[in-house]
>>> print(open('input.txt').read())   # compact mmCIF, C-alpha atoms and all ligand atoms
# COMPACT_ATOMS: atom_id res chain seq x y z
CA MET A 116 108.54 89.31 90.94
CA VAL A 117 106.04 91.85 92.32
CA ILE A 118 102.41 90.83 92.59
CA ASP A 119 99.74 93.42 93.38
CA MET A 120 97.25 92.52 96.11
CA PRO A 121 95.50 95.82 96.81
CA SER A 122 94.52 96.43 100.44
CA LYS A 123 92.23 99.13 101.83
CA ASN A 124 94.23 99.45 105.04
CA TRP A 125 95.99 102.74 104.36
CA ASP A 126 95.43 106.48 104.24
CA GLU A 127 97.50 109.56 103.40
CA ARG A 128 100.85 110.20 105.05
CA ALA A 129 100.65 113.11 107.53
CA GLY A 130 101.41 116.30 105.61
CA ASN A 131 101.97 114.11 102.56
CA CYS A 132 105.52 113.57 103.81
CA ASN A 133 107.93 111.21 102.12
CA PRO A 134 108.92 107.96 103.84
CA THR A 135 112.32 108.15 105.54
CA TYR A 136 112.36 104.75 107.28
CA VAL A 137 111.95 101.10 106.35
CA ILE A 138 110.42 98.88 109.07
CA ILE A 139 110.92 95.12 108.79
CA HIS A 140 108.44 92.65 110.29
CA TYR A 141 107.66 88.97 110.30
CA THR A 142 104.03 87.99 109.82
CA GLY A 143 103.92 85.62 112.82
CA THR A 144 101.40 83.41 111.02
CA LYS A 145 101.53 79.65 110.47
CA THR A 146 100.78 80.10 106.77
CA ALA A 147 101.49 82.91 104.35
CA ASP A 148 97.82 82.87 103.25
CA GLU A 149 96.73 83.72 106.77
CA ALA A 150 98.74 86.95 106.55
CA LYS A 151 97.58 87.81 103.02
CA ASN A 152 93.94 87.35 104.02
CA ARG A 153 94.43 89.54 107.05
CA PHE A 154 96.03 92.34 105.02
CA CYS A 155 93.20 92.21 102.46
CA ASP A 156 90.48 91.91 105.15
CA LYS A 157 89.42 88.48 103.96
CA ALA A 158 89.86 87.15 107.47
CA PRO A 159 87.81 88.46 110.40
CA ALA A 160 89.69 91.29 112.06
CA ASP A 161 90.30 90.45 115.70
CA GLN A 162 91.51 92.83 118.39
CA ILE A 163 94.53 93.77 116.26
CA GLY A 164 92.16 95.45 113.81
CA ARG A 165 92.85 96.40 110.24
CA ILE A 166 96.48 96.20 109.24
CA ALA A 167 98.61 95.99 106.11
CA PRO A 168 102.25 96.53 105.19
CA HIS A 169 103.35 97.98 101.88
CA TYR A 170 104.96 94.67 100.95
CA MET A 171 105.10 91.08 102.07
CA ILE A 172 107.74 88.54 101.03
CA ASP A 173 106.18 85.14 100.41
CA GLY A 174 107.87 81.80 101.09
CA ASN A 175 109.13 81.47 97.52
CA GLY A 176 110.55 85.01 97.48
CA ASP A 177 107.65 86.59 95.61
CA ILE A 178 107.10 90.21 96.58
CA LEU A 179 103.44 91.04 97.23
CA ARG A 180 102.44 94.70 97.13
CA PHE A 181 99.44 95.72 99.25
CA VAL A 182 99.82 99.50 99.49
CA ASP A 183 101.47 102.10 97.25
CA GLU A 184 104.72 103.42 98.71
CA SER A 185 103.45 107.00 98.69
CA LYS A 186 100.60 106.12 101.07
CA ARG A 187 100.54 105.42 104.83
CA ALA A 188 100.10 101.69 105.36
CA TRP A 189 98.98 100.57 108.81
CA HIS A 190 101.75 98.29 110.04
CA ALA A 191 103.65 99.89 112.93
CA GLY A 192 100.93 100.32 115.58
CA HIS A 193 101.92 102.02 118.84
CA SER A 194 105.58 102.75 118.31
CA LYS A 195 108.21 105.43 118.58
CA TRP A 196 111.73 106.16 117.32
CA LYS A 197 113.57 109.33 118.32
CA ASN A 198 110.69 111.81 118.55
CA ILE A 199 108.54 110.21 115.87
CA GLU A 200 105.32 108.62 117.13
CA ASP A 201 103.55 108.35 113.78
CA MET A 202 105.94 105.77 112.38
CA ASN A 203 103.39 104.74 109.76
CA SER A 204 103.63 108.18 108.17
CA ALA A 205 107.42 108.06 108.32
CA SER A 206 108.00 104.58 106.95
CA ILE A 207 107.57 101.82 104.41
CA GLY A 208 106.59 98.51 106.01
CA VAL A 209 107.97 95.18 104.77
CA GLU A 210 106.55 91.94 106.20
CA ILE A 211 108.27 88.60 105.70
CA TRP A 212 106.34 85.42 106.07
CA ASN A 213 107.74 83.56 109.11
CA SER A 214 105.73 81.81 111.80
CA GLY A 215 107.49 83.82 114.50
CA HIS A 216 108.18 83.41 118.21
CA GLU A 217 104.69 82.10 118.93
CA HIS A 218 105.26 79.17 116.56
CA GLN A 219 108.51 77.83 115.07
CA LEU A 220 110.59 80.95 114.46
CA GLU A 221 112.14 78.98 111.61
CA GLU A 222 115.15 80.28 109.69
CA PHE A 223 114.30 82.79 107.01
CA LEU A 224 114.57 81.29 103.55
CA VAL A 225 117.35 82.18 101.12
CA GLU A 226 114.79 83.28 98.49
CA GLN A 227 113.09 85.54 101.02
CA ILE A 228 116.30 87.29 102.01
CA GLU A 229 117.36 87.78 98.39
CA SER A 230 114.02 89.47 97.73
CA VAL A 231 114.25 91.60 100.88
CA ILE A 232 117.67 92.83 99.80
CA SER A 233 116.64 93.73 96.25
CA LEU A 234 113.38 95.33 97.39
CA ILE A 235 114.98 97.52 100.06
CA GLU A 236 117.80 98.44 97.71
CA GLU A 237 115.19 99.88 95.34
CA ILE A 238 113.23 101.59 98.13
CA LYS A 239 116.43 103.16 99.48
CA GLY A 240 117.25 104.55 96.07
CA ARG A 241 113.74 105.85 95.36
CA TRP A 242 113.34 107.73 98.66
CA ASN A 243 116.95 108.34 99.66
CA ILE A 244 116.59 106.44 102.94
CA PRO A 245 119.65 106.42 105.23
CA ASP A 246 121.01 103.07 106.43
CA ALA A 247 120.48 104.05 110.07
CA ASN A 248 116.74 104.25 109.31
CA ILE A 249 116.33 100.61 108.34
CA LEU A 250 114.86 99.10 111.49
CA GLY A 251 112.86 96.24 112.90
CA HIS A 252 109.42 96.48 114.48
CA SER A 253 111.06 95.48 117.79
CA ASP A 254 113.30 98.58 117.60
CA ILE A 255 110.35 100.97 117.44
CA ALA A 256 108.03 99.00 119.75
CA PRO A 257 110.38 97.38 122.30
CA GLY A 258 108.51 95.37 124.91
CA ARG A 259 105.49 95.03 122.63
CA LYS A 260 106.97 93.47 119.49
CA LEU A 261 109.77 90.95 118.88
CA ASP A 262 109.77 90.92 115.09
CA PRO A 263 111.56 90.32 112.79
CA GLY A 264 113.41 88.46 115.58
CA GLU A 265 116.95 87.35 116.34
CA LYS A 266 117.08 84.98 113.36
CA PHE A 267 116.68 87.81 110.88
CA PRO A 268 120.07 88.13 109.10
CA TRP A 269 120.72 91.85 109.60
CA ARG A 270 124.43 91.29 109.03
CA LYS A 271 123.77 89.79 105.62
CA LEU A 272 121.75 92.86 104.67
CA GLU A 273 124.52 95.12 105.92
CA VAL A 274 127.13 93.26 103.87
CA ASN A 275 124.86 93.97 100.89
CA GLY A 276 124.79 97.69 101.64
CA ILE A 277 121.53 97.81 103.59
CA GLY A 278 121.30 99.02 107.18
CA LEU A 279 123.92 99.57 109.89
CA MET A 280 125.65 97.01 112.07
CA PRO A 281 128.25 97.65 114.78
CA GLU A 282 131.95 97.46 113.99
CA LEU A 283 133.30 96.41 117.36
CA LEU A 284 136.97 96.16 116.47
CA THR A 285 137.28 99.78 115.44
CA GLU A 286 135.94 101.10 118.76
CA GLN A 287 138.34 102.50 121.32
CA GLY A 288 138.15 100.91 124.73
CA GLY A 289 138.13 104.00 126.96
CA GLN A 290 134.77 105.40 125.98
CA ALA A 291 133.09 102.01 126.01
CA GLN A 292 134.54 101.32 129.46
CA GLU A 293 132.98 104.57 130.69
CA LEU A 294 129.52 103.49 129.48
CA LEU A 295 129.99 100.09 131.11
CA GLU A 296 130.84 101.68 134.44
CA THR A 297 128.01 104.23 134.22
CA PRO A 298 125.03 102.39 132.67
CA ASP A 299 122.87 105.53 132.65
CA LYS A 300 125.25 106.93 130.07
CA PHE A 301 124.81 103.81 127.97
CA TYR A 302 121.01 104.20 128.04
CA THR A 303 121.33 107.90 127.19
CA ARG A 304 123.30 106.84 124.12
CA LEU A 305 120.64 104.27 123.21
CA SER A 306 117.99 106.98 123.23
CA GLU A 307 120.23 109.30 121.21
CA PHE A 308 120.36 106.56 118.62
CA GLY A 309 116.56 106.29 118.66
CA TYR A 310 115.27 103.79 121.24
CA THR A 311 112.62 105.67 123.21
CA TYR A 312 109.45 103.63 123.49
CA THR A 313 109.89 102.26 126.98
CA GLN A 314 111.69 103.33 130.13
CA ASN A 315 112.42 99.72 131.02
CA GLN A 316 116.19 99.46 130.58
CA ASP A 317 116.30 95.65 130.58
CA VAL A 318 113.82 95.56 127.70
CA LEU A 319 115.74 98.20 125.75
CA LEU A 320 119.03 96.32 126.16
CA LYS A 321 117.43 93.07 125.06
CA GLU A 322 115.81 94.59 121.97
CA PHE A 323 119.00 96.42 121.08
CA ARG A 324 120.83 93.09 121.19
CA ARG A 325 118.11 91.26 119.25
CA HIS A 326 118.90 93.49 116.27
CA TYR A 327 122.52 94.52 116.64
CA LEU A 328 124.17 91.79 118.79
CA PRO A 329 122.01 88.67 118.45
CA GLN A 330 124.87 86.47 119.67
CA SER A 331 124.56 88.27 123.05
CA LEU A 332 120.78 88.03 123.33
CA ASP A 333 120.85 85.78 126.39
CA ILE A 334 123.34 87.78 128.41
CA GLN A 335 121.60 89.56 131.30
CA GLU A 336 124.04 92.28 132.25
CA LEU A 337 125.34 95.20 130.27
CA ASP A 338 128.67 94.16 128.73
CA ILE A 339 131.54 95.88 126.97
CA GLU A 340 130.45 94.71 123.50
CA SER A 341 127.06 96.38 123.84
CA CYS A 342 128.83 99.58 124.85
CA GLN A 343 131.18 99.34 121.88
CA ALA A 344 128.23 98.58 119.61
CA ILE A 345 126.19 101.66 120.46
CA LEU A 346 129.26 103.89 120.08
CA SER A 347 129.97 102.36 116.68
CA LEU A 348 126.37 102.82 115.52
CA LEU A 349 126.28 106.44 116.68
CA ARG A 350 129.54 107.11 114.88
CA GLN A 351 128.29 105.52 111.66
CA SER A 352 124.97 107.38 111.74
CA ALA A 353 126.49 110.79 112.59
ZN ZN B 1 105.54 93.70 113.13
>>> encode(input="input.txt", output="structure tokens", more="lines below")
Ligand SMILES: [Zn+2]
Amino acid sequence: MVIDMPSKNWDERAGNCNPTYVIIHYTGTKTADEAKNRFCDKAPADQIGRIAPHYMIDGNGDILRFVDESKRAWHAGHSKWKNIEDMNSASIGVEIWNSGHEHQLEEFLVEQIESVISLIEEIKGRWNIPDANILGHSDIAPGRKLDPGEKFPWRKLEVNGIGLMPELLTEQGGQAQELLETPDKFYTRLSEFGYTYTQNQDVLLKEFRRHYLPQSLDIQELDIESCQAILSLLRQSA
């Protein structure tokens, strides 16, 4: 079910371009109403200023629409992927109500994920968006943003035909071993894939794992699985 909640927090996409990315967020608010009020400017704007996604998924799975897909909604903030700094012009933003790392970071609800899958399926079809371009806010703003967070079920989306996830078993060991022994080559591969926002390698590795290898989030060092994962993702997105 799609419910319109028109927001004023948008303008035209640069050059009236089409969206080619989907960026997934969590709201990071204790209640869903808090987020809705913020997006419709019914709450006082603090230092974050005026923001809105195109869509927000409520706790019961309802899909709220704040901004038309053809317009530039203000959801990405300071961010970068590959050479794109105006990610708002390049993307459609989808927020999911979850209290986030500052509160409970509770599991996403089954109804929410079902709605995310059906919504993005439609968006992908409408705008011909490649799976490699379905990203989290933390991917395009590493070090500044953690959402949608390590509990977001990226693998479940991938099984449903949305987004890329690494296929570790199909990777050959030799190339991965080379990245492991020469970490600079690993980070070069990460930036080829798109991660470019920060030069801090520890942050990049952590945010890469938060999305693509959440089971390895707490490992400190570069490991062979991370090397296999980036090779697999590059291969799939080639
Ligand atoms: Zn976000």
>>> residues_around(input="input.txt", residues="Leu349 of chain A", least_positions_apart="4", cutoff="8 Å", atoms="all atoms listed in the file", output="NGL selection string")
:A and (308 or 345 or 353)
>>> residues_near_ligand(input="input.txt", ligand="ligand ZN 1 (chain B)", cutoff="9 Å", atoms="all atoms listed in the file", output="PyMOL selection string")
chain A and resi 138-143+190-192+208-210+251-253+256+260-263
>>> residues_around(input="input.txt", residues="segment 224-230 of chain A", least_positions_apart="5", cutoff="10 Å", atoms="all atoms listed in the file", output="list in words")
Met116, Val117, Met171, Ile172, Asp173, Gly174, Asn175, Gly176, Asp177, Ile178, Ile211, Trp212, Asn213, Ile235, Glu236, Phe267, Pro268, Trp269, Lys271 and Leu272 of chain A
>>> atom_distance(input="input.txt", atom1="atom CA of Thr285 of chain A", atom2="atom CA of Leu250 of chain A")
22.8 Å
>>> residues_around(input="input.txt", residues="Ile249 of chain A", least_positions_apart="2", cutoff="8 Å", atoms="all atoms listed in the file", output="list in words")
Tyr136, Val137, Ile138, Ile139, Ile244, Pro245, Asp246, Ala247, Gly251, Ile277, Gly278 and Leu279 of chain A
>>> closest_residue(input="input.txt", among="A:Arg270, A:Arg128, A:Arg241, A:His326", to="Asp254 of chain A", atoms="only C-alpha atoms")
A:His326
>>> atom_distance(input="input.txt", atom1="atom CA of Glu296 of chain A", atom2="atom CA of Leu346 of chain A")
14.6 Å
>>> atom_distance(input="input.txt", atom1="atom CA of Tyr302 of chain A", atom2="atom CA of Cys342 of chain A")
9.6 Å
>>> residues_around(input="input.txt", residues="segment 303-305 of chain A", least_positions_apart="2", cutoff="9 Å", atoms="only C-alpha atoms", output="ChimeraX atom specification")
/A:294,298-301,307-311,319-320,323,345-346,349
>>> closest_residue(input="input.txt", among="A:Asp201, A:Asp148, A:Asp317, A:Glu273", to="Leu179 of chain A", atoms="only C-alpha atoms")
A:Asp148
>>> closest_residue(input="input.txt", among="A:Thr297, A:Gln219, A:Ser122, A:Asn152", to="Lys186 of chain A", atoms="only C-alpha atoms")
A:Ser122
>>> closest_residue(input="input.txt", among="A:Leu220, A:Leu328, A:Cys155, A:Ala188", to="Ser341 of chain A", atoms="all atoms listed in the file")
A:Leu328
>>> closest_residue(input="input.txt", among="A:Gly164, A:Gly240, A:Pro121, A:Pro257", to="Thr313 of chain A", atoms="all atoms listed in the file")
A:Pro257
>>> closest_residue(input="input.txt", among="A:Lys145, A:Arg350, A:Lys239, A:Arg153", to="Lys123 of chain A", atoms="all atoms listed in the file")
A:Arg153
>>> residues_around(input="input.txt", residues="Asn243 of chain A", least_positions_apart="4", cutoff="10 Å", atoms="all atoms listed in the file", output="JSON, numbers by chain")
{"A": [133, 134, 135, 136, 237, 238, 239]}
>>> write_last_selection(input="input.txt", atoms="C-alpha atoms", output="compact mmCIF listing (two decimals), in the frame of the given file")
# COMPACT_ATOMS: atom_id res chain seq x y z
CA ASN A 133 107.93 111.21 102.12
CA PRO A 134 108.92 107.96 103.84
CA THR A 135 112.32 108.15 105.54
CA TYR A 136 112.36 104.75 107.28
CA GLU A 237 115.19 99.88 95.34
CA ILE A 238 113.23 101.59 98.13
CA LYS A 239 116.43 103.16 99.48
>>> axis_aligned_box(input="input.txt", around="segment 123-128 of chain A", padding_each_side="6 Å", output="JSON")
{"center_x": 96.5, "center_y": 104.7, "center_z": 103.4, "size_x": 20.6, "size_y": 23.1, "size_z": 15.2}
>>> decode(input="input.txt", residues="segment 237-257 of chain A", atoms="N, CA and C atoms", output="PDB file, in the first residue's frame")
ATOM      1  N   GLU A 237       9.993  -2.732  -8.336  1.00  0.00           N
ATOM      2  CA  GLU A 237       9.296  -1.821  -9.255  1.00  0.00           C
ATOM      3  C   GLU A 237      10.201  -0.691  -9.711  1.00  0.00           C
ATOM      4  N   ILE A 238      10.944  -0.107  -8.775  1.00  0.00           N
ATOM      5  CA  ILE A 238      11.846   1.005  -9.122  1.00  0.00           C
ATOM      6  C   ILE A 238      12.882   0.539 -10.139  1.00  0.00           C
ATOM      7  N   LYS A 239      13.452  -0.647  -9.883  1.00  0.00           N
ATOM      8  CA  LYS A 239      14.458  -1.209 -10.795  1.00  0.00           C
ATOM      9  C   LYS A 239      13.900  -1.322 -12.211  1.00  0.00           C
ATOM     10  N   GLY A 240      12.690  -1.815 -12.301  1.00  0.00           N
ATOM     11  CA  GLY A 240      12.060  -2.003 -13.601  1.00  0.00           C
ATOM     12  C   GLY A 240      11.779  -0.672 -14.291  1.00  0.00           C
ATOM     13  N   ARG A 241      11.268   0.288 -13.521  1.00  0.00           N
ATOM     14  CA  ARG A 241      10.903   1.589 -14.101  1.00  0.00           C
ATOM     15  C   ARG A 241      12.106   2.326 -14.664  1.00  0.00           C
ATOM     16  N   TRP A 242      13.238   2.284 -13.946  1.00  0.00           N
ATOM     17  CA  TRP A 242      14.394   3.114 -14.314  1.00  0.00           C
ATOM     18  C   TRP A 242      15.577   2.292 -14.798  1.00  0.00           C
ATOM     19  N   ASN A 243      15.393   0.974 -14.899  1.00  0.00           N
ATOM     20  CA  ASN A 243      16.476   0.131 -15.400  1.00  0.00           C
ATOM     21  C   ASN A 243      17.741   0.259 -14.542  1.00  0.00           C
ATOM     22  N   ILE A 244      17.601   0.104 -13.258  1.00  0.00           N
ATOM     23  CA  ILE A 244      18.714   0.305 -12.324  1.00  0.00           C
ATOM     24  C   ILE A 244      19.490  -1.001 -12.120  1.00  0.00           C
ATOM     25  N   PRO A 245      20.812  -0.972 -12.354  1.00  0.00           N
ATOM     26  CA  PRO A 245      21.612  -2.193 -12.188  1.00  0.00           C
ATOM     27  C   PRO A 245      21.707  -2.629 -10.718  1.00  0.00           C
ATOM     28  N   ASP A 246      21.857  -3.925 -10.502  1.00  0.00           N
ATOM     29  CA  ASP A 246      21.947  -4.430  -9.126  1.00  0.00           C
ATOM     30  C   ASP A 246      23.140  -3.866  -8.363  1.00  0.00           C
ATOM     31  N   ALA A 247      24.235  -3.592  -9.077  1.00  0.00           N
ATOM     32  CA  ALA A 247      25.423  -3.048  -8.390  1.00  0.00           C
ATOM     33  C   ALA A 247      25.147  -1.659  -7.821  1.00  0.00           C
ATOM     34  N   ASN A 248      24.077  -1.012  -8.296  1.00  0.00           N
ATOM     35  CA  ASN A 248      23.783   0.363  -7.880  1.00  0.00           C
ATOM     36  C   ASN A 248      22.737   0.439  -6.769  1.00  0.00           C
ATOM     37  N   ILE A 249      22.501  -0.678  -6.124  1.00  0.00           N
ATOM     38  CA  ILE A 249      21.587  -0.670  -4.973  1.00  0.00           C
ATOM     39  C   ILE A 249      22.450  -0.716  -3.719  1.00  0.00           C
ATOM     40  N   LEU A 250      22.525   0.427  -3.036  1.00  0.00           N
ATOM     41  CA  LEU A 250      23.535   0.641  -1.997  1.00  0.00           C
ATOM     42  C   LEU A 250      22.918   1.165  -0.721  1.00  0.00           C
ATOM     43  N   GLY A 251      23.721   1.124   0.344  1.00  0.00           N
ATOM     44  CA  GLY A 251      23.315   1.715   1.608  1.00  0.00           C
ATOM     45  C   GLY A 251      23.930   3.098   1.769  1.00  0.00           C
ATOM     46  N   HIS A 252      23.335   3.884   2.648  1.00  0.00           N
ATOM     47  CA  HIS A 252      23.879   5.218   2.938  1.00  0.00           C
ATOM     48  C   HIS A 252      25.330   5.106   3.417  1.00  0.00           C
ATOM     49  N   SER A 253      25.621   4.044   4.193  1.00  0.00           N
ATOM     50  CA  SER A 253      26.986   3.853   4.709  1.00  0.00           C
ATOM     51  C   SER A 253      27.989   3.582   3.589  1.00  0.00           C
ATOM     52  N   ASP A 254      27.536   3.071   2.447  1.00  0.00           N
ATOM     53  CA  ASP A 254      28.453   2.834   1.326  1.00  0.00           C
ATOM     54  C   ASP A 254      28.898   4.149   0.693  1.00  0.00           C
ATOM     55  N   ILE A 255      27.982   5.113   0.639  1.00  0.00           N
ATOM     56  CA  ILE A 255      28.301   6.363  -0.063  1.00  0.00           C
ATOM     57  C   ILE A 255      28.757   7.460   0.905  1.00  0.00           C
ATOM     58  N   ALA A 256      28.630   7.213   2.207  1.00  0.00           N
ATOM     59  CA  ALA A 256      29.105   8.180   3.206  1.00  0.00           C
ATOM     60  C   ALA A 256      29.820   7.438   4.342  1.00  0.00           C
ATOM     61  N   PRO A 257      30.836   6.618   4.008  1.00  0.00           N
ATOM     62  CA  PRO A 257      31.507   5.820   5.036  1.00  0.00           C
ATOM     63  C   PRO A 257      32.226   6.726   6.032  1.00  0.00           C
TER      64      PRO A 257
END
